[in-house]
There are 2 protein chains.
Amino acid sequence: MIYSSELIKGTLKTIVLKLLSTHTKMYGYEITQKVKELTLDKIQITEGALYPTLHALESEGLVTTETEYIGKRMRKYYSISPAGTVKTNEKVTEFADFLNTMTFLLDIKTTTA
Amino acid sequence: MIYSSELIKGTLKTIVLKLLSTHTKMYGYEITQKVKELTLDKIQITEGALYPTLHALESEGLVTTETEYIGKRMRKYYSISPAGTVKTNEKVTEFADFLNTMTFLLDIKTTTA
DNA sequence: AAAGATACATAAGACTTCGATGTATTTGCA
DNA sequence: TGCAAATACATCGAAGTCTTATGTATCTTT
């Protein structure tokens with residue numbers, strides 16, 4: 001199952017920030033693969049969505065970049081900034097609260113893993 | 001706290017369908033108030049978002065309508081259709097799954113209420 | 001040698017929601 | 001009694017986000 005695209009809307013930034021705050025540095029393609037892997041293919045981040053998001057995060061000062069070459073192929077690494085760490089916590093907290101609210105609203109039975 | 005609007009994106013239809021599947025019939029304004037009340041003001045559905053959504057649900061055959069007059073003021077009631085009930089279950093199930101995935105991905109600590 | 005994976009990026013279009021605006025009635029309170 | 005606030009519908013332009021398509025180029029595997 002792949003989630004309908006509306007669901008993921010609004011969560012992309014949060015996902016990317018969270019990943020970067022737990023991985024010191026990652027490059028774009030790596031992020032798409034990591035999300036795919038961690039979510040068992042349920043969330044597929046397209047490159048058309050990811051790169052604009054990364055650029056936006058950079059221009060907001062939430063991430064920093066450094067470019068590296070593997071052979072002749074470019075690789076652009078992204079790292080979380082101090083402001084990005086703060087923002088990540090805010091976004092994750094807000095999302096957690098939202099999940100609680102929705103669980104109640106939709107009367108979802110939570111399974112204790 | 002009111003959730004940033006991106007978060008609600010993609011969940012509006014699900015919320016409306018769920019409410020209608022547990023309330024026999026509701027009218028637009030009532031839905032906005034009910035959501036506000038149930039979520040302790042955290043989710044505010046704007047009328048500019050709700051009415052187009054209700055009209056869309058109707059044209060998809062997921063809800064049926066009946067108009068009533070309270071004095072001179074019109075009230076348009078919406079009720080879930082059989083197809084709507086099926087759709088509601090699908091959407092709620094999908095959201096529940098999404099919730100689990102995101103909880104894992106964002107490493108959210110769940111509180112057992 | 002070719003296909004598929006890796007790796008970046010942009011851009012037009014679709015879709016959803018917001019915020020503003022509009023009309024009209026009813027209720028509450030000062 | 002008069003006026004503000006709440007009730008109740010609705011539309012529309014603008015904004016924001018993501019999809020799909022497209023483009024370039026390198027590396028790996030068969």
# chains A, B, ... in the order shown; residues from 1 in each chain; ligands from 1
>>> interface_residues(of="chain B", to="chain A", cutoff="12 Å", atoms="only C-alpha atoms", output="PyMOL selection string")
chain B and resi 1-22+34-43+88-113
>>> interface_residues(of="chain B", to="chain D", cutoff="7 Å", atoms="only C-alpha atoms (C1' of nucleotides)", output="list in words")
Tyr29, Met74 and Arg75 of chain B
>>> interface_residues(of="chain C", to="chain A", cutoff="12 Å", atoms="only C-alpha atoms (C1' of nucleotides)", output="JSON list (two decimals) with all heavy atoms, in the first residue's frame")
[["chain", "number", "residue", "atom", "x", "y", "z"],
["C", 5, "DA", "P", 16.52, -0.50, -11.39],
["C", 5, "DA", "OP1", 16.06, -1.68, -10.61],
["C", 5, "DA", "OP2", 15.55, 0.47, -11.93],
["C", 5, "DA", "O5'", 17.58, 0.29, -10.50],
["C", 5, "DA", "C5'", 18.79, -0.37, -10.12],
["C", 5, "DA", "C4'", 19.86, 0.66, -9.84],
["C", 5, "DA", "O4'", 20.25, 1.33, -11.06],
["C", 5, "DA", "C3'", 19.43, 1.76, -8.86],
["C", 5, "DA", "O3'", 20.40, 1.82, -7.82],
["C", 5, "DA", "C2'", 19.41, 3.03, -9.70],
["C", 5, "DA", "C1'", 20.44, 2.71, -10.78],
["C", 5, "DA", "N9", 20.26, 3.45, -12.02],
["C", 5, "DA", "C8", 19.15, 3.47, -12.82],
["C", 5, "DA", "N7", 19.28, 4.23, -13.90],
["C", 5, "DA", "C5", 20.57, 4.73, -13.79],
["C", 5, "DA", "C6", 21.32, 5.60, -14.61],
["C", 5, "DA", "N6", 20.86, 6.12, -15.76],
["C", 5, "DA", "N1", 22.58, 5.91, -14.22],
["C", 5, "DA", "C2", 23.03, 5.38, -13.07],
["C", 5, "DA", "N3", 22.42, 4.55, -12.22],
["C", 5, "DA", "C4", 21.18, 4.26, -12.65],
["C", 6, "DT", "P", 20.24, 2.76, -6.59],
["C", 6, "DT", "OP1", 20.93, 2.11, -5.45],
["C", 6, "DT", "OP2", 18.84, 3.19, -6.49],
["C", 6, "DT", "O5'", 21.10, 4.04, -7.03],
["C", 6, "DT", "C5'", 22.50, 3.88, -7.19],
["C", 6, "DT", "C4'", 23.14, 5.16, -7.67],
["C", 6, "DT", "O4'", 22.63, 5.51, -8.98],
["C", 6, "DT", "C3'", 22.88, 6.39, -6.78],
["C", 6, "DT", "O3'", 24.14, 6.99, -6.51],
["C", 6, "DT", "C2'", 21.99, 7.28, -7.64],
["C", 6, "DT", "C1'", 22.48, 6.91, -9.03],
["C", 6, "DT", "N1", 21.56, 7.21, -10.16],
["C", 6, "DT", "C2", 22.03, 8.01, -11.18],
["C", 6, "DT", "O2", 23.15, 8.49, -11.18],
["C", 6, "DT", "N3", 21.13, 8.24, -12.20],
["C", 6, "DT", "C4", 19.85, 7.75, -12.31],
["C", 6, "DT", "O4", 19.15, 8.01, -13.28],
["C", 6, "DT", "C5", 19.42, 6.91, -11.20],
["C", 6, "DT", "C7", 18.04, 6.34, -11.20],
["C", 6, "DT", "C6", 20.29, 6.69, -10.19],
["C", 7, "DA", "P", 24.35, 7.97, -5.30],
["C", 7, "DA", "OP1", 25.81, 8.18, -5.14],
["C", 7, "DA", "OP2", 23.58, 7.44, -4.16],
["C", 7, "DA", "O5'", 23.65, 9.32, -5.80],
["C", 7, "DA", "C5'", 24.47, 10.39, -6.31],
["C", 7, "DA", "C4'", 23.67, 11.46, -7.00],
["C", 7, "DA", "O4'", 23.06, 10.98, -8.22],
["C", 7, "DA", "C3'", 22.46, 12.06, -6.27],
["C", 7, "DA", "O3'", 22.89, 13.16, -5.46],
["C", 7, "DA", "C2'", 21.56, 12.54, -7.40],
["C", 7, "DA", "C1'", 22.24, 12.04, -8.66],
["C", 7, "DA", "N9", 21.27, 11.55, -9.64],
["C", 7, "DA", "C8", 20.33, 10.58, -9.50],
["C", 7, "DA", "N7", 19.55, 10.41, -10.55],
["C", 7, "DA", "C5", 20.02, 11.36, -11.45],
["C", 7, "DA", "C6", 19.61, 11.72, -12.76],
["C", 7, "DA", "N6", 18.61, 11.13, -13.40],
["C", 7, "DA", "N1", 20.29, 12.70, -13.37],
["C", 7, "DA", "C2", 21.30, 13.30, -12.73],
["C", 7, "DA", "N3", 21.78, 13.05, -11.50],
["C", 7, "DA", "C4", 21.09, 12.06, -10.91],
["C", 8, "DC", "P", 21.76, 14.11, -4.77],
["C", 8, "DC", "OP1", 22.45, 14.74, -3.64],
["C", 8, "DC", "OP2", 20.52, 13.35, -4.55],
["C", 8, "DC", "O5'", 21.48, 15.22, -5.89],
["C", 8, "DC", "C5'", 22.51, 16.14, -6.18],
["C", 8, "DC", "C4'", 22.29, 16.82, -7.51],
["C", 8, "DC", "O4'", 21.92, 15.85, -8.51],
["C", 8, "DC", "C3'", 21.11, 17.80, -7.54],
["C", 8, "DC", "O3'", 21.52, 19.05, -7.02],
["C", 8, "DC", "C2'", 20.84, 17.88, -9.04],
["C", 8, "DC", "C1'", 21.23, 16.51, -9.56],
["C", 8, "DC", "N1", 20.05, 15.69, -9.97],
["C", 8, "DC", "C2", 19.55, 15.83, -11.26],
["C", 8, "DC", "O2", 20.09, 16.63, -12.02],
["C", 8, "DC", "N3", 18.47, 15.10, -11.63],
["C", 8, "DC", "C4", 17.92, 14.24, -10.77],
["C", 8, "DC", "N4", 16.86, 13.52, -11.19],
["C", 8, "DC", "C5", 18.41, 14.09, -9.44],
["C", 8, "DC", "C6", 19.47, 14.82, -9.08],
["C", 9, "DA", "P", 20.42, 20.08, -6.52],
["C", 9, "DA", "OP1", 21.13, 21.31, -6.13],
["C", 9, "DA", "OP2", 19.53, 19.39, -5.55],
["C", 9, "DA", "O5'", 19.55, 20.36, -7.83],
["C", 9, "DA", "C5'", 20.15, 21.02, -8.94],
["C", 9, "DA", "C4'", 19.15, 21.10, -10.08],
["C", 9, "DA", "O4'", 18.73, 19.77, -10.47],
["C", 9, "DA", "C3'", 17.84, 21.79, -9.67],
["C", 9, "DA", "O3'", 17.94, 23.17, -9.99],
["C", 9, "DA", "C2'", 16.78, 21.10, -10.52],
["C", 9, "DA", "C1'", 17.50, 19.92, -11.16],
["C", 9, "DA", "N9", 16.73, 18.69, -11.01],
["C", 9, "DA", "C8", 16.68, 17.83, -9.93],
["C", 9, "DA", "N7", 15.87, 16.81, -10.11],
["C", 9, "DA", "C5", 15.35, 17.00, -11.39],
["C", 9, "DA", "C6", 14.43, 16.27, -12.17],
["C", 9, "DA", "N6", 13.84, 15.15, -11.75],
["C", 9, "DA", "N1", 14.13, 16.75, -13.40],
["C", 9, "DA", "C2", 14.72, 17.88, -13.82],
["C", 9, "DA", "N3", 15.62, 18.65, -13.17],
["C", 9, "DA", "C4", 15.88, 18.15, -11.96],
["C", 10, "DT", "P", 16.72, 24.12, -9.62],
["C", 10, "DT", "OP1", 17.29, 25.47, -9.53],
["C", 10, "DT", "OP2", 15.96, 23.54, -8.49],
["C", 10, "DT", "O5'", 15.77, 24.05, -10.90],
["C", 10, "DT", "C5'", 16.32, 24.26, -12.20],
["C", 10, "DT", "C4'", 15.25, 24.06, -13.25],
["C", 10, "DT", "O4'", 14.80, 22.67, -13.21],
["C", 10, "DT", "C3'", 13.99, 24.92, -13.03],
["C", 10, "DT", "O3'", 13.61, 25.46, -14.28],
["C", 10, "DT", "C2'", 12.97, 23.93, -12.48],
["C", 10, "DT", "C1'", 13.38, 22.64, -13.19],
["C", 10, "DT", "N1", 12.98, 21.38, -12.50],
["C", 10, "DT", "C2", 12.25, 20.46, -13.20],
["C", 10, "DT", "O2", 11.90, 20.62, -14.35],
["C", 10, "DT", "N3", 11.93, 19.32, -12.50],
["C", 10, "DT", "C4", 12.26, 19.01, -11.20],
["C", 10, "DT", "O4", 11.92, 17.95, -10.69],
["C", 10, "DT", "C5", 13.04, 20.04, -10.52],
["C", 10, "DT", "C7", 13.45, 19.81, -9.10],
["C", 10, "DT", "C6", 13.35, 21.15, -11.18],
["C", 11, "DA", "P", 12.64, 26.72, -14.32],
["C", 11, "DA", "OP1", 13.40, 27.81, -14.95],
["C", 11, "DA", "OP2", 12.06, 26.90, -12.97],
["C", 11, "DA", "O5'", 11.47, 26.30, -15.29],
["C", 11, "DA", "C5'", 11.50, 25.09, -16.06],
["C", 11, "DA", "C4'", 10.08, 24.66, -16.29],
["C", 11, "DA", "O4'", 9.81, 23.45, -15.53],
["C", 11, "DA", "C3'", 9.03, 25.67, -15.81],
["C", 11, "DA", "O3'", 7.91, 25.63, -16.67],
["C", 11, "DA", "C2'", 8.66, 25.15, -14.42],
["C", 11, "DA", "C1'", 8.71, 23.64, -14.68],
["C", 11, "DA", "N9", 8.91, 22.85, -13.48],
["C", 11, "DA", "C8", 9.56, 23.19, -12.32],
["C", 11, "DA", "N7", 9.56, 22.25, -11.40],
["C", 11, "DA", "C5", 8.86, 21.22, -12.00],
["C", 11, "DA", "C6", 8.51, 19.93, -11.55],
["C", 11, "DA", "N6", 8.84, 19.46, -10.35],
["C", 11, "DA", "N1", 7.80, 19.15, -12.39],
["C", 11, "DA", "C2", 7.47, 19.63, -13.60],
["C", 11, "DA", "N3", 7.75, 20.81, -14.14],
["C", 11, "DA", "C4", 8.45, 21.57, -13.27],
["C", 15, "DC", "P", -7.04, 17.54, -10.73],
["C", 15, "DC", "OP1", -7.46, 16.13, -10.93],
["C", 15, "DC", "OP2", -7.81, 18.68, -11.28],
["C", 15, "DC", "O5'", -6.87, 17.78, -9.16],
["C", 15, "DC", "C5'", -5.74, 17.23, -8.49],
["C", 15, "DC", "C4'", -5.63, 17.87, -7.12],
["C", 15, "DC", "O4'", -4.91, 19.11, -7.23],
["C", 15, "DC", "C3'", -6.99, 18.21, -6.50],
["C", 15, "DC", "O3'", -7.09, 17.50, -5.29],
["C", 15, "DC", "C2'", -6.95, 19.72, -6.32],
["C", 15, "DC", "C1'", -5.46, 20.03, -6.32],
["C", 15, "DC", "N1", -5.05, 21.39, -6.78],
["C", 15, "DC", "C2", -4.12, 22.10, -6.02],
["C", 15, "DC", "O2", -3.68, 21.59, -4.98],
["C", 15, "DC", "N3", -3.72, 23.33, -6.44],
["C", 15, "DC", "C4", -4.22, 23.84, -7.56],
["C", 15, "DC", "N4", -3.79, 25.04, -7.93],
["C", 15, "DC", "C5", -5.17, 23.14, -8.35],
["C", 15, "DC", "C6", -5.56, 21.92, -7.94],
["C", 16, "DT", "P", -8.47, 17.49, -4.44],
["C", 16, "DT", "OP1", -8.70, 16.11, -3.99],
["C", 16, "DT", "OP2", -9.51, 18.24, -5.18],
["C", 16, "DT", "O5'", -8.05, 18.38, -3.18],
["C", 16, "DT", "C5'", -6.77, 18.22, -2.62],
["C", 16, "DT", "C4'", -6.47, 19.37, -1.67],
["C", 16, "DT", "O4'", -6.04, 20.51, -2.42],
["C", 16, "DT", "C3'", -7.67, 19.82, -0.83],
["C", 16, "DT", "O3'", -7.29, 19.72, 0.53],
["C", 16, "DT", "C2'", -7.93, 21.24, -1.27],
["C", 16, "DT", "C1'", -6.60, 21.68, -1.85],
["C", 16, "DT", "N1", -6.63, 22.71, -2.92],
["C", 16, "DT", "C2", -5.81, 23.82, -2.80],
["C", 16, "DT", "O2", -5.08, 24.00, -1.84],
["C", 16, "DT", "N3", -5.88, 24.70, -3.84],
["C", 16, "DT", "C4", -6.67, 24.59, -4.97],
["C", 16, "DT", "O4", -6.63, 25.45, -5.84],
["C", 16, "DT", "C5", -7.51, 23.42, -5.03],
["C", 16, "DT", "C7", -8.40, 23.21, -6.21],
["C", 16, "DT", "C6", -7.45, 22.54, -4.02],
["C", 17, "DT", "P", -8.38, 19.94, 1.70],
["C", 17, "DT", "OP1", -7.98, 19.03, 2.80],
["C", 17, "DT", "OP2", -9.73, 19.88, 1.11],
["C", 17, "DT", "O5'", -8.09, 21.44, 2.14],
["C", 17, "DT", "C5'", -6.78, 21.79, 2.57],
["C", 17, "DT", "C4'", -6.62, 23.29, 2.60],
["C", 17, "DT", "O4'", -6.72, 23.82, 1.27],
["C", 17, "DT", "C3'", -7.67, 24.02, 3.44],
["C", 17, "DT", "O3'", -6.99, 24.66, 4.52],
["C", 17, "DT", "C2'", -8.30, 25.01, 2.45],
["C", 17, "DT", "C1'", -7.23, 25.13, 1.36],
["C", 17, "DT", "N1", -7.72, 25.54, 0.03],
["C", 17, "DT", "C2", -7.18, 26.66, -0.55],
["C", 17, "DT", "O2", -6.34, 27.35, -0.03],
["C", 17, "DT", "N3", -7.68, 26.95, -1.81],
["C", 17, "DT", "C4", -8.64, 26.24, -2.50],
["C", 17, "DT", "O4", -9.01, 26.60, -3.62],
["C", 17, "DT", "C5", -9.17, 25.07, -1.83],
["C", 17, "DT", "C7", -10.21, 24.23, -2.49],
["C", 17, "DT", "C6", -8.68, 24.78, -0.61]]
>>> residues_around(residues="B:Thr65", least_positions_apart="4", cutoff="12 Å", atoms="only C-alpha atoms (C1' of nucleotides)", output="JSON, numbers by chain")
{"B": [20, 24, 25, 26, 27, 28, 54, 55, 57, 58, 59, 61, 75, 76, 77, 78, 79, 80, 81]}
>>> select_by_dssp(residues="stretch 27-68 of chain A", states="strand (DSSP E or B)", output="list in words")
Tyr27, Val63, Thr64, Thr65, Glu66, Thr67 and Glu68 of chain A
>>> atom_distance(atom1="atom CA of B:Thr85", atom2="atom CA of B:Glu60")
12.7 Å
>>> select_by_dssp(residues="stretch 10-107 of chain B", states="alpha helix (DSSP H)", output="mmCIF file with N, CA and C atoms, in the first residue's frame")
data_model
loop_
_atom_site.group_PDB
_atom_site.id
_atom_site.type_symbol
_atom_site.label_atom_id
_atom_site.label_comp_id
_atom_site.auth_asym_id
_atom_site.auth_seq_id
_atom_site.Cartn_x
_atom_site.Cartn_y
_atom_site.Cartn_z
ATOM 1 N N LEU B 12 -9.285 16.678 5.530
ATOM 2 C CA LEU B 12 -10.611 17.290 5.644
ATOM 3 C C LEU B 12 -11.735 16.352 5.219
ATOM 4 N N LYS B 13 -11.575 15.725 4.081
ATOM 5 C CA LYS B 13 -12.593 14.797 3.590
ATOM 6 C C LYS B 13 -12.824 13.666 4.584
ATOM 7 N N THR B 14 -11.727 13.142 5.102
ATOM 8 C CA THR B 14 -11.815 12.045 6.058
ATOM 9 C C THR B 14 -12.579 12.460 7.307
ATOM 10 N N ILE B 15 -12.269 13.649 7.808
ATOM 11 C CA ILE B 15 -12.947 14.161 9.004
ATOM 12 C C ILE B 15 -14.444 14.308 8.758
ATOM 13 N N VAL B 16 -14.783 14.931 7.649
ATOM 14 C CA VAL B 16 -16.193 15.163 7.334
ATOM 15 C C VAL B 16 -16.932 13.836 7.156
ATOM 16 N N LEU B 17 -16.332 12.910 6.416
ATOM 17 C CA LEU B 17 -16.965 11.609 6.207
ATOM 18 C C LEU B 17 -17.189 10.890 7.534
ATOM 19 N N LYS B 18 -16.163 10.910 8.379
ATOM 20 C CA LYS B 18 -16.286 10.226 9.674
ATOM 21 C C LYS B 18 -17.414 10.824 10.515
ATOM 22 N N LEU B 19 -17.474 12.133 10.569
ATOM 23 C CA LEU B 19 -18.536 12.789 11.335
ATOM 24 C C LEU B 19 -19.913 12.402 10.818
ATOM 25 N N LEU B 20 -20.057 12.428 9.496
ATOM 26 C CA LEU B 20 -21.357 12.105 8.914
ATOM 27 C C LEU B 20 -21.720 10.635 9.099
ATOM 28 N N SER B 21 -20.712 9.784 9.223
ATOM 29 C CA SER B 21 -21.020 8.363 9.399
ATOM 30 C C SER B 21 -21.377 8.030 10.843
ATOM 31 N N GLY B 28 -23.802 22.028 7.235
ATOM 32 C CA GLY B 28 -22.458 22.591 7.148
ATOM 33 C C GLY B 28 -21.966 23.316 8.381
ATOM 34 N N TYR B 29 -22.706 24.300 8.777
ATOM 35 C CA TYR B 29 -22.292 25.098 9.927
ATOM 36 C C TYR B 29 -22.112 24.224 11.167
ATOM 37 N N GLU B 30 -23.014 23.247 11.312
ATOM 38 C CA GLU B 30 -22.951 22.330 12.447
ATOM 39 C C GLU B 30 -21.634 21.540 12.443
ATOM 40 N N ILE B 31 -21.190 21.173 11.260
ATOM 41 C CA ILE B 31 -19.936 20.418 11.130
ATOM 42 C C ILE B 31 -18.748 21.249 11.609
ATOM 43 N N THR B 32 -18.706 22.503 11.178
ATOM 44 C CA THR B 32 -17.594 23.366 11.617
ATOM 45 C C THR B 32 -17.569 23.492 13.143
ATOM 46 N N GLN B 33 -18.747 23.634 13.731
ATOM 47 C CA GLN B 33 -18.826 23.799 15.189
ATOM 48 C C GLN B 33 -18.459 22.518 15.933
ATOM 49 N N LYS B 34 -18.905 21.400 15.373
ATOM 50 C CA LYS B 34 -18.648 20.103 16.006
ATOM 51 C C LYS B 34 -17.148 19.792 16.007
ATOM 52 N N VAL B 35 -16.497 20.073 14.907
ATOM 53 C CA VAL B 35 -15.060 19.808 14.814
ATOM 54 C C VAL B 35 -14.299 20.713 15.779
ATOM 55 N N LYS B 36 -14.704 21.959 15.821
ATOM 56 C CA LYS B 36 -14.107 22.933 16.738
ATOM 57 C C LYS B 36 -14.243 22.435 18.182
ATOM 58 N N GLU B 37 -15.433 21.987 18.508
ATOM 59 C CA GLU B 37 -15.735 21.525 19.866
ATOM 60 C C GLU B 37 -14.946 20.255 20.209
ATOM 61 N N LEU B 38 -14.993 19.275 19.322
ATOM 62 C CA LEU B 38 -14.342 17.990 19.587
ATOM 63 C C LEU B 38 -12.819 18.106 19.668
ATOM 64 N N GLU B 47 -15.242 27.875 6.247
ATOM 65 C CA GLU B 47 -16.382 27.624 5.370
ATOM 66 C C GLU B 47 -15.949 27.577 3.913
ATOM 67 N N GLY B 48 -14.921 28.352 3.589
ATOM 68 C CA GLY B 48 -14.388 28.344 2.234
ATOM 69 C C GLY B 48 -13.810 26.995 1.842
ATOM 70 N N ALA B 49 -13.427 26.221 2.832
ATOM 71 C CA ALA B 49 -12.903 24.882 2.570
ATOM 72 C C ALA B 49 -14.020 23.846 2.650
ATOM 73 N N LEU B 50 -14.911 24.042 3.609
ATOM 74 C CA LEU B 50 -15.941 23.029 3.845
ATOM 75 C C LEU B 50 -16.964 22.897 2.726
ATOM 76 N N TYR B 51 -17.528 24.017 2.284
ATOM 77 C CA TYR B 51 -18.601 23.911 1.293
ATOM 78 C C TYR B 51 -18.139 23.269 -0.010
ATOM 79 N N PRO B 52 -17.019 23.657 -0.553
ATOM 80 C CA PRO B 52 -16.550 22.946 -1.750
ATOM 81 C C PRO B 52 -16.360 21.453 -1.501
ATOM 82 N N THR B 53 -15.878 21.109 -0.309
ATOM 83 C CA THR B 53 -15.676 19.700 0.031
ATOM 84 C C THR B 53 -17.001 18.949 0.081
ATOM 85 N N LEU B 54 -17.982 19.557 0.723
ATOM 86 C CA LEU B 54 -19.299 18.916 0.804
ATOM 87 C C LEU B 54 -19.898 18.729 -0.588
ATOM 88 N N HIS B 55 -19.738 19.741 -1.424
ATOM 89 C CA HIS B 55 -20.272 19.634 -2.778
ATOM 90 C C HIS B 55 -19.565 18.532 -3.566
ATOM 91 N N ALA B 56 -18.270 18.418 -3.324
ATOM 92 C CA ALA B 56 -17.501 17.366 -3.990
ATOM 93 C C ALA B 56 -17.968 15.987 -3.533
ATOM 94 N N LEU B 57 -18.153 15.830 -2.225
ATOM 95 C CA LEU B 57 -18.614 14.547 -1.690
ATOM 96 C C LEU B 57 -19.972 14.186 -2.271
ATOM 97 N N GLU B 58 -20.813 15.196 -2.441
ATOM 98 C CA GLU B 58 -22.136 14.945 -2.999
ATOM 99 C C GLU B 58 -22.041 14.486 -4.454
ATOM 100 N N SER B 59 -21.213 15.180 -5.214
ATOM 101 C CA SER B 59 -21.109 14.813 -6.630
ATOM 102 C C SER B 59 -20.405 13.472 -6.827
ATOM 103 N N PRO B 82 -24.416 4.696 1.306
ATOM 104 C CA PRO B 82 -23.732 3.409 1.453
ATOM 105 C C PRO B 82 -22.302 3.473 0.911
ATOM 106 N N ALA B 83 -22.145 4.063 -0.267
ATOM 107 C CA ALA B 83 -20.798 4.203 -0.831
ATOM 108 C C ALA B 83 -19.922 5.052 0.087
ATOM 109 N N GLY B 84 -20.536 6.034 0.716
ATOM 110 C CA GLY B 84 -19.806 6.893 1.640
ATOM 111 C C GLY B 84 -19.312 6.144 2.860
ATOM 112 N N THR B 85 -20.121 5.218 3.329
ATOM 113 C CA THR B 85 -19.726 4.405 4.482
ATOM 114 C C THR B 85 -18.496 3.576 4.158
ATOM 115 N N VAL B 86 -18.516 2.977 2.976
ATOM 116 C CA VAL B 86 -17.368 2.183 2.536
ATOM 117 C C VAL B 86 -16.128 3.066 2.452
ATOM 118 N N LYS B 87 -16.289 4.214 1.810
ATOM 119 C CA LYS B 87 -15.186 5.148 1.627
ATOM 120 C C LYS B 87 -14.634 5.629 2.978
ATOM 121 N N THR B 88 -15.519 5.877 3.912
ATOM 122 C CA THR B 88 -15.109 6.324 5.245
ATOM 123 C C THR B 88 -14.195 5.287 5.890
ATOM 124 N N ASN B 89 -14.616 4.034 5.840
ATOM 125 C CA ASN B 89 -13.804 2.974 6.434
ATOM 126 C C ASN B 89 -12.434 2.880 5.781
ATOM 127 N N GLU B 90 -12.419 2.992 4.472
ATOM 128 C CA GLU B 90 -11.143 2.954 3.749
ATOM 129 C C GLU B 90 -10.230 4.080 4.202
ATOM 130 N N LYS B 91 -10.795 5.280 4.255
ATOM 131 C CA LYS B 91 -9.999 6.457 4.589
ATOM 132 C C LYS B 91 -9.505 6.425 6.026
ATOM 133 N N VAL B 92 -10.357 6.010 6.939
ATOM 134 C CA VAL B 92 -9.963 5.947 8.347
ATOM 135 C C VAL B 92 -8.880 4.890 8.549
ATOM 136 N N THR B 93 -9.057 3.755 7.892
ATOM 137 C CA THR B 93 -8.051 2.700 7.971
ATOM 138 C C THR B 93 -6.709 3.176 7.432
ATOM 139 N N GLU B 94 -6.765 3.845 6.288
ATOM 140 C CA GLU B 94 -5.540 4.359 5.692
ATOM 141 C C GLU B 94 -4.866 5.364 6.639
ATOM 142 N N PHE B 95 -5.665 6.215 7.236
ATOM 143 C CA PHE B 95 -5.089 7.207 8.139
ATOM 144 C C PHE B 95 -4.478 6.549 9.372
ATOM 145 N N ALA B 96 -5.124 5.529 9.873
ATOM 146 C CA ALA B 96 -4.609 4.816 11.049
ATOM 147 C C ALA B 96 -3.245 4.202 10.730
ATOM 148 N N ASP B 97 -3.129 3.661 9.541
ATOM 149 C CA ASP B 97 -1.867 3.069 9.102
ATOM 150 C C ASP B 97 -0.802 4.161 8.964
ATOM 151 N N PHE B 98 -1.198 5.244 8.349
ATOM 152 C CA PHE B 98 -0.307 6.389 8.163
ATOM 153 C C PHE B 98 0.191 6.905 9.515
ATOM 154 N N LEU B 99 -0.735 6.944 10.463
ATOM 155 C CA LEU B 99 -0.408 7.389 11.811
ATOM 156 C C LEU B 99 0.687 6.518 12.431
ATOM 157 N N ASN B 100 0.558 5.223 12.281
ATOM 158 C CA ASN B 100 1.579 4.306 12.802
ATOM 159 C C ASN B 100 2.926 4.531 12.134
ATOM 160 N N THR B 101 2.888 4.653 10.825
ATOM 161 C CA THR B 101 4.121 4.868 10.073
ATOM 162 C C THR B 101 4.818 6.148 10.506
ATOM 163 N N MET B 102 4.053 7.220 10.632
ATOM 164 C CA MET B 102 4.627 8.507 11.006
ATOM 165 C C MET B 102 5.141 8.510 12.442
ATOM 166 N N THR B 103 4.425 7.822 13.308
ATOM 167 C CA THR B 103 4.863 7.722 14.698
ATOM 168 C C THR B 103 6.239 7.078 14.773
ATOM 169 N N PHE B 104 6.422 6.047 13.977
ATOM 170 C CA PHE B 104 7.709 5.364 13.909
ATOM 171 C C PHE B 104 8.774 6.264 13.283
ATOM 172 N N LEU B 105 8.409 6.867 12.156
ATOM 173 C CA LEU B 105 9.361 7.671 11.397
ATOM 174 C C LEU B 105 9.842 8.884 12.195
#
